[in-house]
>>> print(open('target35.txt').read())   # compact mmCIF, C-alpha atoms and all ligand atoms
# COMPACT_ATOMS: atom_id res chain seq x y z
CA MET A 1 32.25 -30.42 -80.85
CA ARG A 2 31.65 -29.28 -84.41
CA HIS A 3 29.80 -26.09 -83.59
CA GLU A 4 31.19 -22.69 -84.44
CA HIS A 5 28.86 -20.88 -82.09
CA VAL A 6 27.14 -21.69 -78.82
CA ILE A 7 23.62 -20.32 -79.13
CA SER A 8 21.08 -22.69 -77.67
CA ALA A 9 21.04 -25.79 -75.53
CA LYS A 10 19.00 -27.35 -78.32
CA GLN A 11 22.06 -27.55 -80.55
CA PHE A 12 23.87 -29.98 -78.25
CA THR A 13 23.85 -33.72 -78.68
CA ARG A 14 24.61 -35.96 -75.77
CA ALA A 15 28.11 -36.47 -77.16
CA ASP A 16 28.66 -32.70 -77.37
CA ILE A 17 27.60 -32.23 -73.78
CA GLU A 18 29.77 -35.06 -72.54
CA ALA A 19 32.78 -33.74 -74.44
CA VAL A 20 32.41 -30.31 -72.85
CA LEU A 21 31.83 -31.70 -69.38
CA ASP A 22 34.80 -34.08 -69.65
CA ARG A 23 37.09 -31.29 -70.64
CA ALA A 24 35.64 -29.06 -67.93
CA ALA A 25 36.40 -31.79 -65.41
CA ASP A 26 40.03 -31.80 -66.57
CA PHE A 27 40.23 -28.05 -66.19
CA ALA A 28 38.57 -28.16 -62.79
CA ALA A 29 41.23 -30.59 -61.63
CA ASN A 30 44.24 -28.81 -63.16
CA GLN A 31 43.42 -25.15 -63.57
CA GLN A 32 47.03 -24.07 -63.15
CA ASP A 33 48.43 -26.34 -65.85
CA VAL A 34 46.76 -24.69 -68.82
CA ALA A 35 47.89 -21.13 -68.30
CA ASP A 36 49.34 -20.80 -71.79
CA ALA A 37 46.89 -22.95 -73.73
CA HIS A 38 45.46 -19.91 -75.52
CA GLU A 39 48.08 -17.29 -74.98
CA GLY A 40 47.27 -14.16 -76.95
CA ALA A 41 43.62 -15.06 -77.54
CA LEU A 42 41.24 -12.14 -77.08
CA LEU A 43 37.66 -12.58 -75.96
CA ALA A 44 35.23 -9.68 -76.45
CA THR A 45 32.38 -9.32 -73.99
CA ALA A 46 29.36 -7.43 -75.33
CA PHE A 47 26.81 -7.13 -72.54
CA PHE A 48 23.71 -5.16 -73.48
CA GLU A 49 22.27 -5.71 -70.04
CA PRO A 50 24.22 -6.04 -66.84
CA SER A 51 25.32 -9.42 -65.56
CA THR A 52 28.48 -8.98 -63.58
CA ARG A 53 28.77 -12.60 -62.57
CA THR A 54 28.45 -14.17 -65.99
CA LYS A 55 30.90 -11.64 -67.33
CA MET A 56 33.44 -12.23 -64.55
CA SER A 57 33.16 -15.95 -65.05
CA PHE A 58 33.99 -15.61 -68.77
CA GLU A 59 36.85 -13.25 -67.90
CA ALA A 60 38.25 -15.72 -65.41
CA ALA A 61 37.95 -18.52 -67.96
CA ILE A 62 39.80 -16.78 -70.79
CA LYS A 63 42.50 -15.47 -68.43
CA ARG A 64 43.07 -18.92 -66.95
CA LEU A 65 43.60 -20.16 -70.51
CA GLY A 66 46.29 -17.53 -71.02
CA GLY A 67 44.12 -15.15 -73.06
CA ASP A 68 42.70 -11.77 -72.31
CA VAL A 69 39.40 -9.96 -72.48
CA ILE A 70 38.15 -6.72 -74.03
CA ASP A 71 34.83 -5.34 -72.93
CA MET A 72 32.32 -3.20 -74.78
CA GLY A 73 31.53 -1.31 -71.59
CA PRO A 74 28.11 -0.20 -70.50
CA VAL A 75 25.55 0.33 -73.25
CA GLU A 76 25.06 3.99 -72.23
CA PHE A 77 28.57 4.82 -73.41
CA SER A 78 28.54 2.77 -76.61
CA SER A 79 27.39 3.47 -80.16
CA VAL A 80 24.23 1.56 -79.36
CA SER A 81 22.99 4.61 -77.50
CA LYS A 82 23.42 6.50 -80.78
CA GLY A 83 21.04 4.07 -82.47
CA GLU A 84 23.50 1.64 -84.03
CA THR A 85 22.06 -1.79 -84.78
CA LEU A 86 23.27 -4.86 -82.93
CA ALA A 87 24.33 -6.33 -86.26
CA ASP A 88 26.65 -3.37 -86.92
CA THR A 89 28.03 -3.26 -83.40
CA LEU A 90 28.99 -6.92 -83.55
CA ARG A 91 30.53 -6.64 -87.00
CA VAL A 92 32.83 -3.97 -85.61
CA ILE A 93 33.69 -5.91 -82.45
CA GLU A 94 34.40 -9.05 -84.46
CA GLY A 95 37.43 -7.31 -85.93
CA TYR A 96 38.90 -6.81 -82.47
CA ALA A 97 38.60 -10.29 -81.00
CA ASP A 98 38.88 -14.03 -81.55
CA ALA A 99 35.49 -14.77 -80.02
CA ILE A 100 32.50 -12.79 -78.73
CA VAL A 101 30.32 -13.32 -75.69
CA LEU A 102 26.92 -11.69 -76.15
CA ARG A 103 24.26 -10.89 -73.56
CA HIS A 104 21.26 -9.06 -75.01
CA PRO A 105 17.76 -8.37 -73.70
CA MET A 106 15.92 -9.54 -76.81
CA GLU A 107 15.08 -13.11 -77.73
CA GLY A 108 16.80 -14.38 -80.86
CA SER A 109 19.57 -11.76 -80.73
CA ALA A 110 22.31 -14.39 -80.58
CA THR A 111 20.84 -16.36 -83.48
CA MET A 112 20.72 -13.22 -85.57
CA ALA A 113 24.26 -12.32 -84.52
CA THR A 114 25.62 -15.55 -86.00
CA GLU A 115 24.39 -14.39 -89.39
CA TYR A 116 26.73 -11.42 -89.17
CA VAL A 117 29.88 -12.61 -87.43
CA ASP A 118 32.39 -15.29 -88.35
CA VAL A 119 34.29 -15.54 -85.08
CA PRO A 120 32.77 -17.94 -82.53
CA LEU A 121 29.86 -16.35 -80.69
CA LEU A 122 28.71 -17.49 -77.27
CA ASN A 123 25.20 -16.63 -76.16
CA ALA A 124 25.31 -15.49 -72.55
CA GLY A 125 21.55 -14.95 -72.43
CA ASP A 126 19.08 -13.57 -74.99
CA GLY A 127 16.04 -12.10 -73.25
CA ALA A 128 13.77 -14.86 -72.00
CA GLY A 129 15.34 -17.21 -74.55
CA GLN A 130 18.44 -19.30 -74.00
CA HIS A 131 21.47 -19.28 -71.74
CA PRO A 132 23.43 -22.34 -72.88
CA THR A 133 26.66 -21.79 -70.94
CA GLN A 134 24.65 -21.63 -67.73
CA THR A 135 23.04 -24.89 -68.79
CA LEU A 136 26.37 -26.58 -69.29
CA LEU A 137 27.55 -25.55 -65.84
CA ASP A 138 24.24 -26.77 -64.41
CA LEU A 139 24.72 -30.10 -66.17
CA PHE A 140 28.31 -30.27 -64.99
CA THR A 141 27.21 -29.76 -61.40
CA ILE A 142 24.41 -32.32 -61.66
CA ARG A 143 26.80 -34.85 -63.19
CA GLU A 144 29.36 -34.30 -60.45
CA GLU A 145 26.78 -34.63 -57.68
CA VAL A 146 24.34 -37.34 -58.77
CA GLY A 147 24.93 -38.21 -62.44
CA LEU A 148 22.82 -37.32 -65.46
CA ASP A 149 21.17 -40.66 -66.17
CA ASP A 150 18.48 -42.23 -64.10
CA LEU A 151 17.93 -38.77 -62.68
CA THR A 152 14.73 -37.32 -61.25
CA ILE A 153 14.89 -33.55 -61.17
CA GLY A 154 12.45 -30.88 -60.04
CA ILE A 155 12.67 -27.47 -61.67
CA MET A 156 10.84 -24.83 -59.69
CA GLY A 157 9.95 -21.14 -59.86
CA ASP A 158 9.55 -18.89 -62.88
CA LEU A 159 9.34 -21.43 -65.67
CA LYS A 160 7.74 -19.04 -68.10
CA TYR A 161 10.43 -16.38 -68.35
CA GLY A 162 13.37 -18.24 -66.82
CA ARG A 163 15.79 -18.82 -69.64
CA THR A 164 18.06 -21.03 -67.54
CA VAL A 165 15.05 -23.29 -67.11
CA HIS A 166 14.30 -23.50 -70.83
CA SER A 167 17.87 -24.34 -71.74
CA LEU A 168 18.27 -26.87 -68.96
CA ALA A 169 15.00 -28.66 -69.71
CA GLN A 170 15.92 -29.04 -73.36
CA ALA A 171 19.45 -30.24 -72.64
CA LEU A 172 18.21 -32.83 -70.15
CA THR A 173 16.20 -34.54 -72.89
CA ASN A 174 19.53 -36.01 -74.03
CA PHE A 175 19.67 -38.07 -70.85
CA ASP A 176 17.49 -40.58 -69.06
CA THR A 177 15.86 -37.97 -66.89
CA ALA A 178 12.41 -37.49 -65.43
CA GLN A 179 11.58 -33.79 -65.18
CA HIS A 180 9.08 -32.31 -62.74
CA PHE A 181 8.12 -28.70 -63.35
CA ILE A 182 6.82 -26.83 -60.34
CA SER A 183 5.37 -23.35 -60.69
CA PRO A 184 2.30 -21.22 -60.19
CA GLU A 185 -0.23 -21.54 -62.99
CA SER A 186 0.70 -18.12 -64.38
CA LEU A 187 4.39 -19.01 -64.72
CA ARG A 188 4.16 -22.42 -66.37
CA LEU A 189 6.54 -23.43 -69.15
CA PRO A 190 5.91 -21.59 -72.42
CA ARG A 191 4.28 -23.44 -75.24
CA SER A 192 7.42 -23.52 -77.38
CA VAL A 193 9.44 -25.31 -74.68
CA ARG A 194 6.60 -27.66 -73.89
CA TYR A 195 6.40 -28.47 -77.60
CA ASP A 196 10.13 -29.18 -77.83
CA LEU A 197 10.08 -31.43 -74.78
CA HIS A 198 7.13 -33.29 -76.20
CA GLU A 199 8.92 -33.70 -79.54
CA GLN A 200 11.96 -35.13 -77.75
CA GLY A 201 9.78 -37.62 -75.90
CA ALA A 202 10.78 -36.21 -72.53
CA LYS A 203 9.31 -37.57 -69.32
CA VAL A 204 7.61 -34.49 -67.96
CA ARG A 205 5.17 -33.80 -65.14
CA GLU A 206 3.85 -30.47 -63.93
CA HIS A 207 2.91 -29.48 -60.39
CA GLU A 208 1.74 -26.42 -58.55
CA ASP A 209 2.83 -27.72 -55.15
CA PHE A 210 6.33 -28.99 -54.44
CA GLU A 211 6.34 -30.46 -50.95
CA ALA A 212 4.42 -33.50 -52.10
CA ILE A 213 7.08 -34.55 -54.59
CA LEU A 214 10.24 -33.56 -52.71
CA SER A 215 10.83 -37.13 -51.63
CA GLU A 216 10.93 -38.36 -55.25
CA LEU A 217 13.62 -35.95 -56.38
CA ASP A 218 17.39 -36.34 -56.66
CA VAL A 219 17.85 -32.67 -57.50
CA LEU A 220 15.71 -29.58 -56.99
CA TYR A 221 16.67 -26.68 -59.24
CA VAL A 222 15.17 -23.52 -57.81
CA THR A 223 14.78 -20.23 -59.68
CA ARG A 224 13.68 -16.84 -58.49
CA ILE A 225 10.15 -15.59 -59.06
CA GLN A 226 10.48 -11.95 -60.00
CA ARG A 227 8.38 -9.14 -58.67
CA GLU A 228 7.88 -7.62 -62.13
CA ARG A 229 5.93 -10.65 -63.36
CA PHE A 230 3.00 -9.68 -61.15
CA PRO A 231 0.54 -6.80 -61.32
CA ASP A 232 0.92 -5.90 -57.65
CA GLU A 233 3.01 -6.53 -54.57
CA ASP A 234 0.34 -8.54 -52.72
CA GLU A 235 -0.15 -11.04 -55.50
CA TYR A 236 3.60 -11.41 -55.88
CA LYS A 237 4.06 -12.06 -52.17
CA ALA A 238 1.20 -14.53 -52.06
CA VAL A 239 2.56 -16.54 -54.98
CA SER A 240 6.28 -16.37 -54.30
CA GLY A 241 5.68 -17.39 -50.67
CA GLN A 242 4.45 -20.77 -51.89
CA TYR A 243 7.75 -21.55 -53.60
CA GLN A 244 10.22 -21.12 -50.78
CA LEU A 245 12.36 -24.01 -49.69
CA ASP A 246 13.65 -24.26 -46.14
CA LYS A 247 15.86 -26.58 -44.15
CA GLU A 248 13.01 -28.22 -42.24
CA MET A 249 11.27 -29.29 -45.47
CA ILE A 250 14.44 -30.95 -46.71
CA LEU A 251 15.11 -32.70 -43.40
CA GLU A 252 11.52 -33.89 -43.26
CA HIS A 253 11.07 -35.09 -46.85
CA ASN A 254 14.45 -35.77 -48.42
CA GLU A 255 17.75 -35.37 -46.59
CA ASP A 256 19.74 -36.38 -49.67
CA LEU A 257 18.26 -33.74 -51.92
CA THR A 258 20.76 -31.79 -54.01
CA VAL A 259 19.67 -28.16 -54.20
CA LEU A 260 20.79 -25.99 -57.11
CA HIS A 261 20.06 -22.36 -57.95
CA PRO A 262 21.50 -20.17 -60.73
CA LEU A 263 21.87 -17.31 -58.20
CA PRO A 264 21.31 -14.62 -57.15
CA ARG A 265 18.69 -15.91 -54.75
CA VAL A 266 16.31 -13.80 -52.71
CA ASP A 267 14.31 -15.89 -50.26
CA GLU A 268 13.36 -18.95 -52.32
CA VAL A 269 16.26 -20.95 -50.83
CA ALA A 270 16.52 -20.20 -47.12
CA PRO A 271 20.04 -19.51 -45.79
CA GLY A 272 19.57 -22.36 -43.31
CA ILE A 273 19.96 -24.79 -46.21
CA ASP A 274 23.52 -23.62 -46.91
CA SER A 275 24.96 -25.89 -44.23
CA LEU A 276 23.30 -29.04 -45.58
CA PRO A 277 25.48 -31.40 -47.63
CA GLY A 278 23.11 -31.15 -50.60
CA ALA A 279 23.40 -27.37 -50.93
CA LYS A 280 25.48 -27.11 -54.09
CA TYR A 281 24.61 -23.71 -55.52
CA PHE A 282 27.95 -22.10 -54.71
CA GLU A 283 29.84 -25.01 -56.28
CA GLN A 284 27.48 -24.60 -59.21
CA ALA A 285 28.49 -20.94 -59.59
CA HIS A 286 32.18 -21.81 -59.29
CA ASN A 287 31.80 -24.48 -61.96
CA GLY A 288 31.09 -21.70 -64.45
CA VAL A 289 34.81 -21.13 -64.85
CA PRO A 290 36.01 -24.63 -65.86
CA VAL A 291 32.92 -25.12 -68.05
CA ARG A 292 33.51 -21.84 -69.88
CA MET A 293 37.21 -22.70 -70.14
CA ALA A 294 36.23 -25.95 -71.82
CA LEU A 295 33.92 -24.21 -74.27
CA LEU A 296 36.45 -21.53 -75.15
CA ASP A 297 39.17 -24.13 -75.49
CA MET A 298 37.05 -26.05 -77.97
CA LEU A 299 35.95 -23.01 -79.96
CA LEU A 300 39.19 -21.03 -80.16
CA MET B 1 -26.03 -29.28 -104.94
CA THR B 2 -22.95 -30.78 -106.59
CA GLU B 3 -19.58 -29.20 -107.13
CA LYS B 4 -20.25 -29.08 -110.83
CA GLU B 5 -23.20 -26.78 -110.37
CA THR B 6 -21.28 -24.45 -108.12
CA GLU B 7 -18.60 -24.12 -110.74
CA LEU B 8 -21.15 -22.45 -112.91
CA ARG B 9 -21.82 -19.70 -110.42
CA VAL B 10 -18.44 -18.17 -110.86
CA SER B 11 -17.69 -17.17 -114.40
CA LYS B 12 -15.05 -19.00 -116.40
CA ILE B 13 -11.77 -17.31 -117.01
CA GLU B 14 -9.66 -17.37 -120.14
CA ASN B 15 -6.14 -17.23 -118.74
CA GLY B 16 -5.21 -17.16 -115.08
CA THR B 17 -5.54 -19.05 -111.83
CA VAL B 18 -8.40 -20.66 -110.00
CA ILE B 19 -7.71 -21.29 -106.34
CA ASP B 20 -10.26 -23.87 -105.27
CA HIS B 21 -11.01 -25.52 -101.94
CA VAL B 22 -9.98 -22.48 -99.95
CA THR B 23 -11.04 -22.79 -96.30
CA ALA B 24 -14.51 -21.24 -96.09
CA GLY B 25 -14.36 -17.60 -95.13
CA GLU B 26 -10.70 -17.12 -96.06
CA ALA B 27 -11.12 -15.94 -99.67
CA LEU B 28 -10.74 -12.26 -98.89
CA ARG B 29 -7.57 -12.94 -96.96
CA VAL B 30 -6.26 -14.93 -99.90
CA LEU B 31 -6.74 -11.83 -102.01
CA VAL B 32 -4.93 -9.71 -99.45
CA ILE B 33 -1.99 -12.09 -99.33
CA LEU B 34 -1.74 -12.16 -103.08
CA GLY B 35 -1.90 -8.38 -103.14
CA ILE B 36 -5.01 -8.38 -105.28
CA ASP B 37 -7.31 -5.43 -104.65
CA GLY B 38 -8.76 -5.07 -108.13
CA SER B 39 -6.89 -1.85 -108.78
CA GLU B 40 -4.97 -3.36 -111.64
CA GLY B 41 -8.17 -3.88 -113.55
CA GLN B 42 -8.01 -7.63 -114.01
CA PRO B 43 -11.27 -9.57 -113.55
CA VAL B 44 -11.41 -11.24 -110.13
CA SER B 45 -14.26 -13.40 -108.94
CA VAL B 46 -14.76 -14.72 -105.47
CA GLY B 47 -17.15 -17.42 -104.31
CA MET B 48 -17.63 -17.73 -100.58
CA ASN B 49 -19.25 -20.48 -98.54
CA VAL B 50 -19.89 -22.55 -101.63
CA PRO B 51 -21.06 -26.10 -100.81
CA SER B 52 -18.28 -28.63 -101.26
CA ASP B 53 -18.25 -32.43 -101.14
CA ARG B 54 -14.80 -32.47 -99.62
CA LEU B 55 -14.92 -29.55 -97.20
CA GLY B 56 -18.62 -29.00 -96.52
CA ARG B 57 -18.22 -25.37 -97.49
CA LYS B 58 -15.38 -23.72 -99.34
CA ASP B 59 -14.30 -20.51 -100.98
CA VAL B 60 -13.14 -20.17 -104.57
CA VAL B 61 -10.98 -17.39 -106.00
CA LYS B 62 -10.52 -16.83 -109.72
CA VAL B 63 -8.05 -14.32 -111.00
CA GLU B 64 -7.72 -13.51 -114.67
CA GLY B 65 -4.23 -13.07 -116.09
CA MET B 66 -2.23 -14.18 -113.08
CA GLU B 67 -0.15 -17.22 -112.21
CA LEU B 68 1.09 -17.64 -108.66
CA SER B 69 4.73 -17.68 -107.64
CA GLN B 70 6.03 -20.42 -105.34
CA GLU B 71 6.33 -17.92 -102.49
CA GLU B 72 2.69 -16.96 -102.90
CA VAL B 73 1.69 -20.60 -102.92
CA ASP B 74 3.68 -21.19 -99.71
CA VAL B 75 1.85 -18.46 -97.87
CA LEU B 76 -1.45 -19.56 -99.30
CA SER B 77 -0.85 -23.02 -97.91
CA LEU B 78 -0.84 -21.64 -94.39
CA LEU B 79 -4.39 -20.38 -94.49
CA ALA B 80 -5.81 -22.71 -97.08
CA PRO B 81 -4.08 -26.05 -96.55
CA ASP B 82 -6.63 -27.90 -98.67
CA ALA B 83 -6.51 -25.53 -101.60
CA THR B 84 -6.05 -26.69 -105.14
CA ILE B 85 -4.51 -24.42 -107.71
CA ASN B 86 -5.69 -24.64 -111.30
CA ILE B 87 -3.73 -22.85 -113.97
CA ILE B 88 -6.04 -21.90 -116.82
CA ARG B 89 -4.96 -21.15 -120.36
CA ASN B 90 -7.47 -20.61 -123.08
CA TYR B 91 -10.36 -21.71 -120.81
CA GLU B 92 -8.67 -25.08 -120.21
CA VAL B 93 -7.17 -26.31 -116.96
CA ILE B 94 -3.60 -27.03 -118.02
CA GLU B 95 -2.21 -27.70 -114.57
CA LYS B 96 -3.86 -28.71 -111.33
CA SER B 97 -1.96 -28.97 -108.06
CA ARG B 98 -2.55 -29.17 -104.34
CA VAL B 99 -0.71 -26.71 -102.18
CA ASP B 100 2.17 -28.15 -100.20
CA ARG B 101 3.09 -26.98 -96.77
CA PRO B 102 6.49 -25.36 -97.14
CA GLU B 103 9.33 -26.11 -94.71
CA SER B 104 9.73 -22.45 -93.90
CA VAL B 105 8.16 -19.08 -94.50
CA VAL B 106 10.62 -16.22 -94.87
CA GLY B 107 9.89 -12.51 -94.66
CA VAL B 108 6.12 -12.94 -94.76
CA LEU B 109 4.94 -13.17 -91.16
CA THR B 110 5.65 -10.82 -88.28
CA CYS B 111 6.70 -12.43 -85.00
CA PRO B 112 4.01 -11.84 -82.34
CA ASN B 113 6.70 -11.65 -79.64
CA THR B 114 7.40 -7.92 -79.29
CA ASN B 115 10.69 -8.78 -77.57
CA CYS B 116 11.90 -10.79 -80.57
CA ILE B 117 14.99 -9.47 -82.34
CA THR B 118 13.04 -9.47 -85.62
CA ASN B 119 10.92 -6.65 -84.18
CA ALA B 120 13.87 -4.47 -83.19
CA GLY B 121 14.77 -2.64 -86.37
CA GLU B 122 17.69 -4.97 -87.02
CA PRO B 123 18.62 -6.02 -90.57
CA VAL B 124 16.96 -9.42 -90.28
CA GLU B 125 14.03 -11.02 -92.08
CA THR B 126 11.51 -13.04 -90.16
CA TYR B 127 11.92 -16.77 -90.61
CA PHE B 128 9.33 -19.27 -89.48
CA THR B 129 9.77 -23.00 -89.60
CA VAL B 130 6.57 -24.82 -90.46
CA THR B 131 5.73 -27.50 -87.89
CA ASP B 132 2.83 -29.92 -87.58
CA GLY B 133 0.47 -27.58 -85.84
CA GLY B 134 1.74 -24.16 -86.86
CA VAL B 135 4.86 -22.15 -87.44
CA GLN B 136 7.81 -21.39 -85.16
CA CYS B 137 10.06 -18.33 -85.16
CA ARG B 138 13.64 -19.34 -85.81
CA TYR B 139 14.91 -16.49 -83.64
CA CYS B 140 12.84 -16.46 -80.46
CA GLU B 141 11.15 -19.87 -80.94
CA THR B 142 7.65 -18.45 -80.44
CA ILE B 143 5.03 -20.75 -81.92
CA ILE B 144 1.97 -19.48 -83.78
CA ARG B 145 -0.82 -22.01 -84.06
CA GLU B 146 -4.05 -20.10 -84.48
CA ASP B 147 -4.83 -17.32 -86.96
CA ILE B 148 -1.46 -17.47 -88.63
CA THR B 149 -2.58 -15.06 -91.31
CA ASP B 150 -3.17 -12.35 -88.68
CA HIS B 151 0.60 -12.16 -88.53
CA ILE B 152 1.20 -11.49 -92.20
CA GLU B 153 3.42 -8.43 -92.57
CA PRO B 154 1.43 -5.41 -93.58
ZN ZN A 401 10.39 -14.29 -82.93
>>> encode(input="target35.txt", output="structure tokens")
Amino acid sequence: MRHEHVISAKQFTRADIEAVLDRAADFAANQQDVADAHEGALLATAFFEPSTRTKMSFEAAIKRLGGDVIDMGPVEFSSVSKGETLADTLRVIEGYADAIVLRHPMEGSATMATEYVDVPLLNAGDGAGQHPTQTLLDLFTIREEVGLDDLTIGIMGDLKYGRTVHSLAQALTNFDTAQHFISPESLRLPRSVRYDLHEQGAKVREHEDFEAILSELDVLYVTRIQRERFPDEDEYKAVSGQYQLDKEMILEHNEDLTVLHPLPRVDEVAPGIDSLPGAKYFEQAHNGVPVRMALLDMLL
Amino acid sequence: MTEKETELRVSKIENGTVIDHVTAGEALRVLVILGIDGSEGQPVSVGMNVPSDRLGRKDVVKVEGMELSQEEVDVLSLLAPDATINIIRNYEVIEKSRVDRPESVVGVLTCPNTNCITNAGEPVETYFTVTDGGVQCRYCETIIREDITDHIEP
């Protein structure tokens, strides 16, 4: 992989993705054998909004490679609360570490950050924009379970604001994949993503109802519909209730369906599904460690 | 009425620029983009909704004593993609060119996405890539298709 930074799923070619996933597969198989691969390496985590899981997963990855982590701490206690710009904050942190992981609530923050720092920067989510390391672990999980070519995937939920969705959809255009997008009208894919998919010649269909196409899918990737996207509680309940998957639906329409979810879930994937062989969302979460190990290994 | 006749309506200039084939109704915005408000005293004439063989109707802007920079031409191309630029010296057209759509527009437009990092007081200039149907923010990837000039930085 020739990249210095990991900012957007759009930057990856098929070869890049395969290189990361291959290495991740090695790490997944032999996590104990690489304990000194990056001894002494320091990873800085700069999280401008909380995401305990993503942060822990990066921490686990760098520690398993023999390195260590330094954390900016909560924004309330940092210079940011005194009005420092992100650009300045990162230029200071860059002097402390060999690579930076950035999570920031504004779109484009990671792209801007690369204009100011020279150490490798990994985007761990920029507002409603991109979340490429999540995408790589999603791809890793899909490849392990069903393979990435000749794949029919449904992506359901909040497609408008869901950054994991945007990154995943763009990355899947590198493979022979048919993508079905399932969402309420008000949460359809944004124009920019639709445009990119169109430019890439992706096979895309959109639906408001998911039960009808369940039987066609190899994988259903479910995301949470958030309360704050709706003007009131009633409308939220009415809409989100239409995008809940339960065990009976799977048994009726598609027993082999692989179900993924970036977690945390609320009630869009019923707990009854957990015992089905296709429920792979916990494996998916665990895969974050070897995938992030692979990325760090290639960047450091 | 032919184009030749309409030329006569707007007075000739000695040295300067004639921007012809501006999208009808956009002439005043062209002046805004070029920062021309008449306060510098140079003669400016504007023809609006002039009949045109090529466009049906068009606007024409003539500015005495001014030649456009490439950056100005780039921005102009966004709201007047059919415009032709005539450089006039001594009442003669010495250079005539069509505007070209630039590959990018830097520091000119404001991103309409309020959650874009370019709207956060950070030391970063806006940067839009010009695509077939509009422009796209390099930072947050928001696409502007309609009324691009509404987003010109004040
Ligand atoms: Zn933007």
>>> residues_near_point(input="target35.txt", point="(33.7, -21.8, -72.9)", cutoff="12 Å", atoms="only C-alpha atoms", output="number ranges by chain")
A: 1, 4-7, 20-21, 23-24, 27, 43, 54-55, 57-65, 99-101, 120-124, 132-137, 287-300
>>> residues_around(input="target35.txt", residues="B:Arg57", least_positions_apart="4", cutoff="10 Å", atoms="all atoms listed in the file", output="JSON, numbers by chain")
{"B": [21, 22, 23, 24, 25, 48, 49, 50, 51, 52, 53]}
>>> interface_residues(input="target35.txt", of="chain A", to="chain B", cutoff="8 Å", atoms="all atoms listed in the file", output="short mmCIF file (atom, residue, chain, number, x, y, z; two decimals) with C-alpha atoms, in the frame of the given file")
data_model
loop_
_atom_site.label_atom_id
_atom_site.label_comp_id
_atom_site.auth_asym_id
_atom_site.auth_seq_id
_atom_site.Cartn_x
_atom_site.Cartn_y
_atom_site.Cartn_z
CA THR A 85 22.06 -1.79 -84.78
CA LEU A 86 23.27 -4.86 -82.93
CA ALA A 87 24.33 -6.33 -86.26
CA MET A 106 15.92 -9.54 -76.81
CA GLU A 107 15.08 -13.11 -77.73
CA GLY A 108 16.80 -14.38 -80.86
CA SER A 109 19.57 -11.76 -80.73
CA THR A 111 20.84 -16.36 -83.48
CA MET A 112 20.72 -13.22 -85.57
CA GLY A 127 16.04 -12.10 -73.25
CA GLY A 129 15.34 -17.21 -74.55
CA ARG A 191 4.28 -23.44 -75.24
CA SER A 192 7.42 -23.52 -77.38
#
>>> closest_residue(input="target35.txt", among="B:Val30, B:Leu109, B:Val46, B:Glu14", to="B:Gly65", atoms="only C-alpha atoms")
B:Glu14
>>> residues_around(input="target35.txt", residues="stretch 140-149 of chain A", least_positions_apart="2", cutoff="12 Å", atoms="only C-alpha atoms", output="ChimeraX atom specification")
/A:14,17-26,28,133-138,151-153,168,171-179,217-221,256-262,277-292,294
>>> residues_around(input="target35.txt", residues="B:Asp100", least_positions_apart="3", cutoff="10 Å", atoms="all atoms listed in the file", output="ChimeraX atom specification")
/B:73-78,81-84,97,103
>>> atom_distance(input="target35.txt", atom1="atom CA of A:Pro231", atom2="atom CA of A:Ala128")
18.8 Å
>>> closest_residue(input="target35.txt", among="A:Asp118, A:Asp267, A:Glu49, A:Asp246", to="A:Glu211", atoms="all atoms listed in the file")
A:Asp246
>>> closest_residue(input="target35.txt", among="B:Asp59, B:Cys111, B:Ile87, B:Leu79", to="ligand ZN 401 (chain A)", atoms="only C-alpha atoms and all ligand atoms")
B:Cys111
>>> closest_residue(input="target35.txt", among="A:Arg227, A:Arg205, A:Lys160, A:His131", to="A:Arg188", atoms="all atoms listed in the file")
A:Lys160
>>> atom_distance(input="target35.txt", atom1="atom CA of A:Asp274", atom2="atom CA of A:Phe230")
28.6 Å
>>> closest_residue(input="target35.txt", among="B:Lys58, B:Lys12, B:Arg29, B:His151", to="ligand ZN 401 (chain A)", atoms="all atoms listed in the file")
B:His151
>>> axis_aligned_box(input="target35.txt", around="stretch 119-129 of chain B", padding_each_side="5 Å", output="lines of an AutoDock Vina configuration file")
center_x = 14.0
center_y = -12.8
center_z = -87.6
size_x = 19.3
size_y = 30.4
size_z = 18.9
>>> atom_distance(input="target35.txt", atom1="atom CA of A:Gln244", atom2="atom CA of A:Ala270")
7.3 Å
>>> closest_residue(input="target35.txt", among="A:Asp126, A:Ser215, A:Leu90, A:Phe48", to="ligand ZN 401 (chain A)", atoms="all atoms listed in the file")
A:Asp126
